[in-house]
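Student: Input file: query_5.txt. Contents: compact mmCIF, C-alpha atoms.
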```txt
# COMPACT_ATOMS: atom_id res chain seq x y z
CA MET A 1 3.56 -14.36 -21.78
CA GLU A 2 0.62 -12.07 -22.66
CA ARG A 3 -1.36 -10.52 -19.81
CA TYR A 4 -4.00 -7.85 -19.40
CA LEU A 5 -4.88 -5.15 -16.88
CA SER A 6 -7.99 -3.02 -16.54
CA PHE A 7 -7.63 0.31 -14.76
CA VAL A 8 -9.83 3.30 -14.06
CA ILE A 9 -8.74 6.94 -14.16
CA VAL A 10 -10.54 9.06 -11.58
CA GLY A 11 -10.33 12.62 -10.31
CA HIS A 12 -11.99 16.01 -10.18
CA VAL A 13 -13.51 17.43 -13.36
CA ASP A 14 -11.05 19.35 -15.56
CA HIS A 15 -7.98 17.81 -13.92
CA GLY A 16 -7.14 16.07 -17.20
CA LYS A 17 -8.43 12.47 -17.24
CA SER A 18 -9.49 12.41 -20.89
CA THR A 19 -6.35 14.25 -21.96
CA LEU A 20 -4.21 11.64 -20.19
CA ILE A 21 -6.09 8.83 -21.95
CA GLY A 22 -5.71 10.51 -25.33
CA ARG A 23 -1.99 10.96 -24.74
CA LEU A 24 -1.58 7.30 -23.64
CA LEU A 25 -3.25 6.13 -26.83
CA TYR A 26 -1.38 8.54 -29.07
CA ASP A 27 2.07 7.85 -27.63
CA THR A 28 1.60 4.06 -27.76
CA ASN A 29 0.56 4.28 -31.43
CA SER A 30 -2.86 2.87 -30.55
CA LEU A 31 -4.90 5.39 -32.57
CA PRO A 32 -5.81 4.80 -36.22
CA GLU A 33 -4.96 7.72 -38.49
CA GLU A 34 -8.65 8.33 -39.24
CA LYS A 35 -9.36 8.88 -35.53
CA ILE A 36 -6.53 11.42 -35.28
CA GLU A 37 -7.86 13.19 -38.36
CA GLU A 38 -11.40 13.20 -36.92
CA VAL A 39 -10.17 14.83 -33.72
CA ARG A 40 -8.11 17.36 -35.69
CA LYS A 41 -11.15 18.39 -37.79
CA THR A 42 -13.37 18.64 -34.71
CA CYS A 43 -10.87 20.92 -32.98
CA GLU A 44 -10.61 23.12 -36.06
CA MET A 45 -14.42 23.35 -36.26
CA LEU A 46 -14.59 24.40 -32.60
CA GLY A 47 -11.71 26.85 -33.03
CA LYS A 48 -9.42 24.98 -30.62
CA PRO A 49 -5.91 23.54 -30.79
CA PHE A 50 -5.56 19.75 -31.00
CA GLU A 51 -7.22 18.29 -27.87
CA PHE A 52 -6.19 14.79 -26.76
CA ALA A 53 -9.33 14.75 -24.57
CA PHE A 54 -11.51 14.50 -27.68
CA VAL A 55 -10.16 11.02 -28.38
CA MET A 56 -12.41 9.82 -25.55
CA ASP A 57 -15.01 12.59 -25.36
CA HIS A 58 -16.53 11.60 -28.68
CA LEU A 59 -20.08 12.79 -27.98
CA ASP A 60 -20.95 16.22 -29.40
CA GLU A 61 -22.44 17.29 -26.08
CA GLU A 62 -19.24 16.34 -24.27
CA ARG A 63 -17.08 18.19 -26.80
CA GLU A 64 -19.12 21.37 -26.38
CA LYS A 65 -19.25 21.24 -22.57
CA ASN A 66 -15.76 19.77 -22.00
CA ILE A 67 -17.06 17.18 -19.53
CA THR A 68 -17.14 13.39 -19.59
CA ILE A 69 -20.70 12.12 -19.15
CA ASP A 70 -20.58 8.37 -19.50
CA THR A 71 -18.09 5.65 -18.62
CA SER A 72 -16.12 4.52 -21.66
CA GLN A 73 -13.64 1.74 -22.25
CA ILE A 74 -10.80 1.70 -24.71
CA PHE A 75 -7.81 -0.55 -25.27
CA PHE A 76 -4.11 -0.19 -25.91
CA LYS A 77 -1.07 -2.43 -25.83
CA LYS A 78 2.43 -1.77 -24.47
CA GLY A 79 5.00 -4.54 -24.45
CA ASN A 80 3.31 -7.81 -23.46
CA VAL A 81 0.42 -6.15 -21.61
CA ASP A 82 -3.04 -5.47 -23.04
CA TYR A 83 -4.59 -2.55 -21.15
CA VAL A 84 -8.28 -1.74 -20.74
CA ILE A 85 -8.77 1.93 -19.80
CA ILE A 86 -11.98 2.88 -18.02
CA ASP A 87 -12.63 6.64 -18.24
CA ALA A 88 -14.82 7.76 -15.34
CA PRO A 89 -16.70 11.08 -15.03
CA GLY A 90 -15.61 13.73 -12.55
CA HIS A 91 -18.86 15.70 -12.10
CA LYS A 92 -20.77 14.55 -9.03
CA GLU A 93 -23.95 14.34 -11.15
CA PHE A 94 -22.33 11.46 -13.05
CA ILE A 95 -20.84 9.67 -10.03
CA LYS A 96 -22.97 6.57 -10.61
CA ASN A 97 -21.13 6.07 -13.92
CA MET A 98 -17.83 6.46 -12.12
CA LEU A 99 -18.92 3.84 -9.57
CA THR A 100 -19.94 1.47 -12.35
CA GLY A 101 -16.62 1.99 -14.11
CA ALA A 102 -14.43 1.64 -11.04
CA SER A 103 -16.19 -1.57 -10.02
CA GLN A 104 -14.70 -3.28 -13.12
CA ALA A 105 -11.12 -2.20 -12.48
CA ASP A 106 -8.04 -4.02 -11.19
CA ALA A 107 -6.18 -0.78 -10.52
CA ALA A 108 -6.61 3.00 -10.58
CA ILE A 109 -4.88 6.22 -11.53
CA VAL A 110 -5.92 9.19 -9.38
CA ILE A 111 -5.28 12.39 -11.33
CA VAL A 112 -4.83 15.75 -9.59
CA ASP A 113 -4.21 19.17 -11.13
CA ALA A 114 -0.83 20.31 -9.76
CA ASN A 115 -1.98 23.92 -9.89
CA LEU A 116 -5.33 23.46 -8.13
CA GLY A 117 -4.44 20.58 -5.80
CA MET A 118 -6.93 18.19 -4.19
CA GLU A 119 -10.61 19.12 -4.55
CA GLU A 120 -13.96 17.73 -3.37
CA GLN A 121 -14.37 15.16 -6.13
CA THR A 122 -10.78 14.00 -5.65
CA LYS A 123 -11.64 13.11 -2.06
CA ARG A 124 -14.91 11.43 -3.00
CA HIS A 125 -13.31 9.34 -5.74
CA ILE A 126 -10.55 8.22 -3.36
CA TYR A 127 -13.25 7.18 -0.90
CA LEU A 128 -14.99 5.15 -3.63
CA LEU A 129 -11.77 3.42 -4.64
CA ASN A 130 -11.21 2.47 -1.01
CA MET A 131 -14.79 1.25 -0.62
CA LEU A 132 -14.47 -0.86 -3.78
CA GLY A 133 -11.26 -2.37 -2.43
CA ILE A 134 -9.01 -1.09 -5.21
CA GLU A 135 -5.59 -0.99 -3.58
CA GLN A 136 -3.33 -0.85 -6.67
CA VAL A 137 -3.12 2.90 -7.19
CA ILE A 138 -0.89 5.46 -8.91
CA VAL A 139 -1.32 9.18 -8.23
CA VAL A 140 -0.40 11.53 -11.07
CA LEU A 141 0.00 15.27 -10.60
CA ASN A 142 -1.01 16.69 -13.95
CA LYS A 143 -0.44 20.06 -15.65
CA MET A 144 3.07 20.40 -14.26
CA ASP A 145 3.77 22.66 -17.26
CA LYS A 146 1.30 25.15 -15.75
CA VAL A 147 3.43 25.42 -12.58
CA GLY A 148 6.75 25.67 -14.35
CA TYR A 149 7.62 22.01 -13.71
CA LYS A 150 8.58 23.05 -10.16
CA GLN A 151 9.50 20.30 -7.72
CA GLU A 152 8.38 22.48 -4.79
CA ARG A 153 4.77 22.52 -6.03
CA PHE A 154 4.83 18.77 -6.71
CA GLU A 155 6.02 18.06 -3.15
CA GLU A 156 3.41 20.41 -1.68
CA VAL A 157 0.46 18.72 -3.39
CA LYS A 158 1.92 15.25 -2.78
CA LYS A 159 2.10 15.99 0.96
CA GLU A 160 -1.55 17.15 0.96
CA LEU A 161 -2.65 13.93 -0.74
CA GLU A 162 -0.56 11.69 1.52
CA LYS A 163 -2.20 13.26 4.58
CA PHE A 164 -5.71 12.55 3.23
CA LEU A 165 -4.78 9.01 2.13
CA GLU A 166 -3.75 8.17 5.70
CA ASN A 167 -7.50 7.67 6.34
CA PHE A 168 -7.60 4.70 3.94
CA LYS A 169 -5.93 1.42 3.09
CA ILE A 170 -4.76 2.95 -0.19
CA LYS A 171 -0.99 3.30 -0.42
CA PRO A 172 -0.03 4.57 -3.89
CA SER A 173 2.95 2.82 -5.43
CA HIS A 174 4.03 6.04 -7.13
CA PHE A 175 3.35 9.79 -7.21
CA ILE A 176 4.21 10.87 -10.76
CA PRO A 177 4.52 14.48 -12.00
CA ILE A 178 3.17 14.71 -15.56
CA SER A 179 1.88 16.99 -18.26
CA ALA A 180 -0.68 14.97 -20.21
CA MET A 181 -1.00 17.72 -22.80
CA LYS A 182 2.76 17.95 -23.42
CA GLY A 183 3.48 14.22 -22.91
CA ASP A 184 5.83 14.58 -19.95
CA ASN A 185 6.24 11.30 -17.99
CA VAL A 186 3.22 9.62 -19.60
CA VAL A 187 4.90 7.10 -21.91
CA LYS A 188 8.33 8.73 -22.12
CA LYS A 189 10.43 10.19 -19.30
CA SER A 190 10.39 13.98 -19.23
CA GLU A 191 13.46 16.14 -19.84
CA ASN A 192 11.66 19.02 -18.12
CA MET A 193 11.74 17.38 -14.67
CA GLU A 194 15.21 15.99 -14.17
CA TRP A 195 14.61 16.18 -10.41
CA TYR A 196 12.11 13.27 -10.76
CA ASN A 197 13.78 9.85 -10.97
CA GLY A 198 10.71 7.57 -10.84
CA PRO A 199 8.90 5.76 -13.69
CA ALA A 200 6.62 7.17 -16.37
CA VAL A 201 2.91 6.28 -16.05
CA VAL A 202 3.02 3.30 -18.43
CA ASP A 203 6.06 1.82 -16.70
CA ALA A 204 4.37 2.15 -13.31
CA LEU A 205 1.19 0.47 -14.62
CA SER A 206 3.21 -2.52 -15.85
CA THR A 207 4.01 -3.42 -12.22
CA PHE A 208 0.36 -4.03 -11.34
CA LYS A 209 -1.37 -7.42 -11.27
CA ASN A 210 -4.60 -8.48 -12.94
CA LEU A 211 -6.73 -9.28 -9.89
CA SER A 212 -9.63 -10.67 -11.91
CA GLY A 213 -7.31 -13.31 -13.35
CA LEU A 214 -6.77 -15.29 -10.16
CA GLU A 215 -6.97 -18.68 -11.87
CA ASN A 216 -6.26 -20.65 -8.70
CA ASN A 217 -9.33 -19.35 -6.87
CA GLU A 218 -12.70 -21.13 -6.63
CA LEU A 219 -14.65 -21.32 -9.88
CA ARG A 220 -17.31 -18.68 -10.52
CA PHE A 221 -18.90 -18.69 -13.99
CA PRO A 222 -22.08 -16.54 -14.09
CA ILE A 223 -24.28 -17.53 -17.02
CA GLN A 224 -25.07 -14.65 -19.37
CA ASP A 225 -27.16 -16.61 -21.84
CA VAL A 226 -28.02 -20.13 -23.04
CA TYR A 227 -28.00 -21.15 -26.72
CA ASP A 228 -29.07 -24.31 -28.53
CA ILE A 229 -26.63 -24.86 -31.41
CA ASN A 230 -26.74 -28.04 -33.49
CA GLY A 231 -28.47 -29.89 -30.68
CA GLU A 232 -25.98 -28.77 -28.01
CA LYS A 233 -26.99 -26.53 -25.14
CA ILE A 234 -24.21 -23.95 -24.70
CA TYR A 235 -23.92 -21.83 -21.56
CA VAL A 236 -22.23 -18.52 -22.41
CA GLY A 237 -20.46 -16.20 -19.98
CA ARG A 238 -17.19 -14.95 -18.56
CA ILE A 239 -15.08 -16.82 -16.02
CA GLU A 240 -14.86 -14.44 -13.07
CA SER A 241 -12.67 -16.69 -10.94
CA GLY A 242 -10.88 -20.04 -11.25
CA THR A 243 -9.99 -22.36 -14.13
CA ILE A 244 -12.24 -24.65 -16.20
CA LYS A 245 -11.16 -27.90 -17.85
CA PRO A 246 -13.12 -30.66 -19.63
CA ASP A 247 -14.28 -33.52 -17.37
CA MET A 248 -14.08 -31.43 -14.19
CA GLU A 249 -16.97 -31.52 -11.72
CA ALA A 250 -19.13 -28.44 -11.39
CA TYR A 251 -22.35 -27.32 -9.70
CA LEU A 252 -25.15 -25.28 -11.22
CA MET A 253 -26.09 -22.79 -8.51
CA PRO A 254 -28.19 -21.82 -6.65
CA LYS A 255 -30.05 -25.18 -7.07
CA GLY A 256 -26.83 -27.12 -6.57
CA ASP A 257 -27.24 -29.72 -9.37
CA LYS A 258 -24.00 -31.60 -9.99
CA THR A 259 -22.60 -31.97 -13.51
CA LEU A 260 -19.41 -32.42 -15.56
CA ILE A 261 -17.87 -29.97 -18.02
CA LYS A 262 -17.93 -31.71 -21.43
CA LYS A 263 -16.57 -29.00 -23.74
CA ILE A 264 -15.17 -25.46 -23.62
CA LYS A 265 -15.95 -23.52 -26.80
CA VAL A 266 -14.91 -20.18 -28.26
CA PHE A 267 -16.33 -19.34 -31.71
CA GLY A 268 -16.69 -23.02 -32.56
CA THR A 269 -13.19 -23.98 -31.42
CA GLU A 270 -12.75 -26.32 -28.45
CA LEU A 271 -10.25 -25.37 -25.73
CA SER A 272 -8.33 -27.65 -23.37
CA SER A 273 -8.72 -25.13 -20.52
CA ALA A 274 -9.83 -21.57 -19.79
CA GLN A 275 -9.00 -19.23 -16.94
CA ALA A 276 -10.50 -16.22 -15.17
CA GLY A 277 -11.15 -13.29 -17.47
CA LYS A 278 -11.99 -15.46 -20.50
CA SER A 279 -15.40 -15.29 -22.19
CA ILE A 280 -16.42 -18.79 -23.31
CA GLY A 281 -19.25 -21.23 -23.98
CA LEU A 282 -19.69 -24.41 -21.93
CA VAL A 283 -21.34 -27.72 -22.82
CA LEU A 284 -22.38 -29.72 -19.74
CA GLU A 285 -22.71 -33.49 -19.40
CA ASN A 286 -26.42 -33.58 -18.58
CA ASN A 287 -29.23 -31.47 -19.89
CA LEU A 288 -29.54 -29.12 -16.92
CA GLU A 289 -32.01 -26.26 -17.07
CA GLY A 290 -29.60 -23.41 -16.50
CA ILE A 291 -30.70 -19.82 -17.10
CA ARG A 292 -29.14 -16.34 -17.10
CA GLY A 293 -28.23 -15.49 -13.51
CA ASN A 294 -27.28 -19.04 -12.53
CA VAL A 295 -23.62 -19.52 -11.60
CA ILE A 296 -21.48 -22.58 -12.40
CA CYS A 297 -19.15 -23.23 -9.44
CA ASN A 298 -16.55 -25.62 -8.06
CA PRO A 299 -16.42 -26.56 -5.22
CA LYS A 300 -20.09 -26.30 -4.26
CA PRO A 301 -20.61 -22.99 -2.37
CA ASN A 302 -23.29 -22.04 0.15
CA PRO A 303 -25.82 -19.57 -1.29
CA ARG A 304 -26.53 -16.62 1.06
CA ASN A 305 -29.48 -14.34 1.57
CA ARG A 306 -28.03 -11.93 4.16
CA ILE A 307 -24.81 -9.96 3.80
CA LYS A 308 -22.96 -7.06 5.39
CA ALA A 309 -21.64 -4.46 2.96
CA ASN A 310 -20.02 -1.08 2.53
CA ILE A 311 -22.23 0.92 0.18
CA PHE A 312 -22.20 4.31 -1.49
CA TRP A 313 -25.58 5.92 -2.21
CA MET A 314 -25.99 8.44 -5.02
CA GLY A 315 -29.77 8.44 -5.46
CA THR A 316 -31.65 11.75 -5.37
CA ASP A 317 -34.07 10.19 -2.89
CA ALA A 318 -32.62 8.69 0.27
CA ALA A 319 -32.18 4.94 0.76
CA LYS A 320 -34.57 3.80 3.49
CA LYS A 321 -34.45 0.74 5.70
CA GLY A 322 -36.92 -1.84 4.46
CA GLU A 323 -37.32 -0.29 0.99
CA LYS A 324 -37.46 -2.81 -1.85
CA LEU A 325 -34.44 -2.53 -4.19
CA LEU A 326 -32.89 -4.68 -6.90
CA TYR A 327 -29.51 -6.25 -6.09
CA LYS A 328 -27.36 -6.88 -9.18
CA SER A 329 -24.04 -8.73 -9.10
CA THR A 330 -22.56 -10.16 -12.31
CA THR A 331 -25.66 -11.60 -14.07
CA GLN A 332 -27.55 -12.25 -10.83
CA GLU A 333 -30.52 -9.99 -10.05
CA PHE A 334 -32.75 -10.36 -6.99
CA ASP A 335 -34.97 -8.14 -4.87
CA CYS A 336 -33.50 -7.04 -1.57
CA TYR A 337 -33.84 -4.46 1.21
CA ILE A 338 -31.52 -2.74 3.66
CA ASP A 339 -32.23 -4.34 7.01
CA LYS A 340 -29.89 -2.34 9.24
CA ILE A 341 -27.63 0.71 8.95
CA GLU A 342 -24.68 0.37 11.33
CA ARG A 343 -22.64 3.39 10.24
CA ARG A 344 -23.21 6.42 8.02
CA TYR A 345 -20.56 8.78 6.61
CA ASN A 346 -20.12 11.97 4.66
CA SER A 347 -18.11 10.61 1.71
CA SER A 348 -15.99 13.78 1.29
CA THR A 349 -15.17 14.75 4.87
CA LEU A 350 -15.44 11.19 6.33
CA GLU A 351 -17.49 12.72 9.15
CA MET A 352 -19.56 10.11 11.02
CA LEU A 353 -23.29 10.95 10.84
CA GLU A 354 -26.19 9.95 13.08
CA ILE A 355 -28.05 6.79 12.06
CA GLU A 356 -31.34 7.27 13.90
CA SER A 357 -33.11 8.43 10.72
CA GLY A 358 -32.69 4.97 9.18
CA THR A 359 -31.73 6.52 5.82
CA LEU A 360 -28.72 7.19 3.60
CA GLU A 361 -28.87 10.47 1.71
CA GLY A 362 -27.33 11.08 -1.71
CA LEU A 363 -23.50 10.93 -1.84
CA GLU A 364 -23.35 9.37 1.63
CA ALA A 365 -21.70 6.07 2.45
CA GLY A 366 -22.61 3.47 5.03
CA GLU A 367 -22.02 0.06 6.56
CA VAL A 368 -25.28 -1.89 6.22
CA TRP A 369 -26.88 -5.32 6.44
CA ILE A 370 -28.81 -6.36 3.31
CA ASN A 371 -31.46 -9.10 3.18
CA LEU A 372 -31.98 -10.79 -0.20
CA GLU A 373 -35.25 -12.23 -1.47
CA LYS A 374 -33.55 -15.53 -2.39
CA PRO A 375 -30.17 -17.11 -1.62
CA ILE A 376 -27.56 -16.12 -4.21
CA ILE A 377 -23.91 -16.86 -4.96
CA VAL A 378 -22.06 -14.07 -3.22
CA ASP A 379 -18.51 -13.86 -1.87
CA ASN A 380 -16.54 -11.68 0.46
CA PHE A 381 -14.95 -9.05 -1.76
CA ASN A 382 -11.48 -9.84 -0.44
CA LYS A 383 -11.89 -13.46 -1.56
CA ILE A 384 -13.45 -13.07 -5.03
CA PRO A 385 -13.78 -9.39 -6.03
CA THR A 386 -16.26 -9.77 -8.90
CA THR A 387 -18.95 -11.66 -6.96
CA GLY A 388 -18.20 -9.43 -3.97
CA ARG A 389 -19.26 -6.26 -5.84
CA PHE A 390 -22.82 -5.17 -6.54
CA VAL A 391 -25.07 -2.28 -7.48
CA LEU A 392 -28.47 -1.37 -6.07
CA ILE A 393 -31.22 -0.40 -8.52
CA ARG A 394 -34.47 1.48 -7.96
CA GLU A 395 -37.04 1.80 -10.75
CA GLY A 396 -34.49 0.75 -13.36
CA LEU A 397 -31.79 3.23 -12.33
CA VAL A 398 -28.54 2.51 -10.49
CA GLN A 399 -28.82 4.27 -7.14
CA GLY A 400 -25.92 2.83 -5.18
CA GLY A 401 -23.26 0.18 -5.07
CA GLY A 402 -20.72 -1.44 -2.85
CA ILE A 403 -18.73 -4.43 -1.72
CA VAL A 404 -19.55 -7.41 0.48
CA THR A 405 -17.56 -7.45 3.75
CA HIS A 406 -19.25 -10.28 5.68
CA LEU A 407 -21.49 -13.29 4.93
CA GLU A 408 -23.97 -14.40 7.56
CA GLU A 409 -23.76 -18.14 8.23
```
Can you give me the file's structure in the form of structure tokens?
Tutor:
Amino acid sequence: MERYLSFVIVGHVDHGKSTLIGRLLYDTNSLPEEKIEEVRKTCEMLGKPFEFAFVMDHLDEEREKNITIDTSQIFFKKGNVDYVIIDAPGHKEFIKNMLTGASQADAAIVIVDANLGMEEQTKRHIYLLNMLGIEQVIVVLNKMDKVGYKQERFEEVKKELEKFLENFKIKPSHFIPISAMKGDNVVKKSENMEWYNGPAVVDALSTFKNLSGLENNELRFPIQDVYDINGEKIYVGRIESGTIKPDMEAYLMPKGDKTLIKKIKVFGTELSSAQAGKSIGLVLENNLEGIRGNVICNPKPNPRNRIKANIFWMGTDAAKKGEKLLYKSTTQEFDCYIDKIERRYNSSTLEMLEIESGTLEGLEAGEVWINLEKPIIVDNFNKIPTTGRFVLIREGLVQGGGIVTHLEE
């Protein structure tokens, strides 16, 4: 049976995220020959040896500066699993892209340079994974070739990480010593570290579950667009939770109009059912006036306009209580404001900060109450992750994001 898994790779800049991705793609034969040749020519032009990192860092600016600026997605297949890799930046200036990338992931790889050990961005990215509720985690200690493949150094850095991770719910399933550049323990087991008897990275990933594919959960189908094709109104989107079948009851939210699913369509073909993770078109029984941002649900949920959330703020200007912001979750967008800040943290040290100022500064985290302009379809993150995640936008730019922890009745 085919399945898929999306995962994000996070960690401090220069610890080897893009190199690991390039190696994963290369060793699973997922790269076309022309891409390999393009990377080879680029490396020759820059006077460098073959760099696996350039498979992902395809922008000229990124190649010259050796940093990943934007969040990219790329695909590969191993066995019966289709993987979606989300490459997230390490520089703190690009942390909003990392937050956007991680919010789409079912699982995560935390990468740490075995020579340098845990650094500031490592800690901050671990905090973000915890805040986003990503509990399926592998830790890889990269560049083991730079430390002579020594078990002593691996155990030293592993112990440091385990101590920091005690502050969170994250319990990595594996700590894996690798050399992304050399290919040790990425797809194939390494002969240079016979002292390690655990899985390679790909084998460890295959044990994870696709959380966004929980087909037995309540239906959430956010509408992305509406088309009129040959006299049929087709509602297009991705099933974020649940299963859809023809003739099942559904509700167009937030208005709550009841309808029946007539047809499920994909590129003109009708399906007998579709589950979470599938992008489809729906034809409804009656001519409802659905628009982008509406959500088709079953059973009928209660829209909410006040939520409690854990948020991370990365805006240059502080988030202020009462300030008008845009709340975006799936295709839903509504004005909102932070009504109350209950806790405020330094995201690297986890130090509790005073809350009297009524603000969250850049790169701080907090527990807050948010009031929404209108009732929306929102869920506790632990129940339905996709509709329990959101970003906060100011003047068109993503300034923060987080997860919903409580819904006010």
Student: Quick one: pull the distance between atom CA of A:Ala319 and atom CA of A:Ile377, Å, one decimal.
Tutor: 24.0 Å
Student: What is the atom CA of A:Met352-atom CA of A:Ala105 distance in Å, reported with one decimal?
Tutor: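 Rounded to one decimal, the two atoms are 27.8 Å apart.
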Student: Just to confirm, what's the straight-line distance from atom CA of A:Glu270 to atom CA of A:Phe76 in Å (one decimal)?
Tutor: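 Calculated distance between atom CA of A:Glu270 and atom CA of A:Phe76 is 27.6 Å.
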Student: Using all atoms listed in the file - which residues lie no farther than 6 Å from the point (-17.9, -16.7, -18.2) in the file's frame? Write them as a count of residues only.
Tutor: 7
Student: For A:Lys300, which residue among A:Leu353, A:Glu218, A:Asn286, A:Gly366 is the nearest when counting all atoms listed in the file?
Tutor: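 Nearest candidate to A:Lys300 out of A:Leu353, A:Glu218, A:Asn286, A:Gly366: A:Glu218.
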Student: Smallest atom-to-atom distance to A:Ser329: which of A:Leu284, A:Leu205, A:Val404, A:Ile85, using only C-alpha atoms?
Tutor: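 Using only C-alpha atoms, A:Ser329 sits closest to A:Val404.
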Student: Return the single residue from A:Ile311, A:Ile126, A:Val84, A:Met253 that is closest to A:Gly362, with distances computed using only C-alpha atoms.
Tutor: A:Ile311
Student: What's the 7 Å shell around A:Glu240, counting only C-alpha atoms, without same-chain residues fewer than 3 positions away, as number ranges by chain?
Tutor: A: 212, 220-221, 276-277, 386
Student: Env of A:Arg344: 10 Å cut, atoms = only C-alpha atoms, seq-sep filter 5 positions within chain, self excluded. Answer as a list of chain:residue names.
Tutor: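 Non-adjacent residues within range: A:Asn310, A:Ile311, A:Phe312, A:Leu350, A:Glu351, A:Met352, A:Leu353, A:Glu354, A:Ile355, A:Gly358, A:Thr359, A:Leu360, A:Glu361, A:Glu364, A:Ala365, A:Gly366, A:Glu367, A:Val368.
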Student: Which residue gives the smallest distance to A:Val10 among A:Tyr26, A:Lys77, A:Phe390, A:Ile109, with all atoms listed in the file counted?
Tutor: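 Of A:Tyr26, A:Lys77, A:Phe390, A:Ile109, the one nearest A:Val10, counting all atoms listed in the file, is A:Ile109.
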Student: Find the residues near stretch 175-187 of chain A: any atom within 8 Å, counting all atoms listed in the file, skip ones fewer than 3 places away on the same chain, and give them as a VMD selection string.
Tutor: chain A and resid 16 19 to 20 23 to 24 27 to 28 52 138 to 145 154 158 172 190 to 192 196 198 to 203
Student: Generate the output file for the selected residues, C-alpha atoms, as a CSV table (one decimal), in the coordinates of the input.
Tutor:
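Written file, again28.csv:
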```csv
chain,number,residue,atom,x,y,z
A,16,GLY,CA,-7.1,16.1,-17.2
A,19,THR,CA,-6.4,14.2,-22.0
A,20,LEU,CA,-4.2,11.6,-20.2
A,23,ARG,CA,-2.0,11.0,-24.7
A,24,LEU,CA,-1.6,7.3,-23.6
A,27,ASP,CA,2.1,7.8,-27.6
A,28,THR,CA,1.6,4.1,-27.8
A,52,PHE,CA,-6.2,14.8,-26.8
A,138,ILE,CA,-0.9,5.5,-8.9
A,139,VAL,CA,-1.3,9.2,-8.2
A,140,VAL,CA,-0.4,11.5,-11.1
A,141,LEU,CA,0.0,15.3,-10.6
A,142,ASN,CA,-1.0,16.7,-14.0
A,143,LYS,CA,-0.4,20.1,-15.6
A,144,MET,CA,3.1,20.4,-14.3
A,145,ASP,CA,3.8,22.7,-17.3
A,154,PHE,CA,4.8,18.8,-6.7
A,158,LYS,CA,1.9,15.2,-2.8
A,172,PRO,CA,0.0,4.6,-3.9
A,190,SER,CA,10.4,14.0,-19.2
A,191,GLU,CA,13.5,16.1,-19.8
A,192,ASN,CA,11.7,19.0,-18.1
A,196,TYR,CA,12.1,13.3,-10.8
A,198,GLY,CA,10.7,7.6,-10.8
A,199,PRO,CA,8.9,5.8,-13.7
A,200,ALA,CA,6.6,7.2,-16.4
A,201,VAL,CA,2.9,6.3,-16.0
A,202,VAL,CA,3.0,3.3,-18.4
A,203,ASP,CA,6.1,1.8,-16.7
```
Student: Quick one: residues within 10 Å of (-7.2, 9.6, 0.1) (file frame), counting all atoms listed in the file, please, as a PyMOL selection string.
Tutor: chain A and resi 110+118+122-130+160-172+348
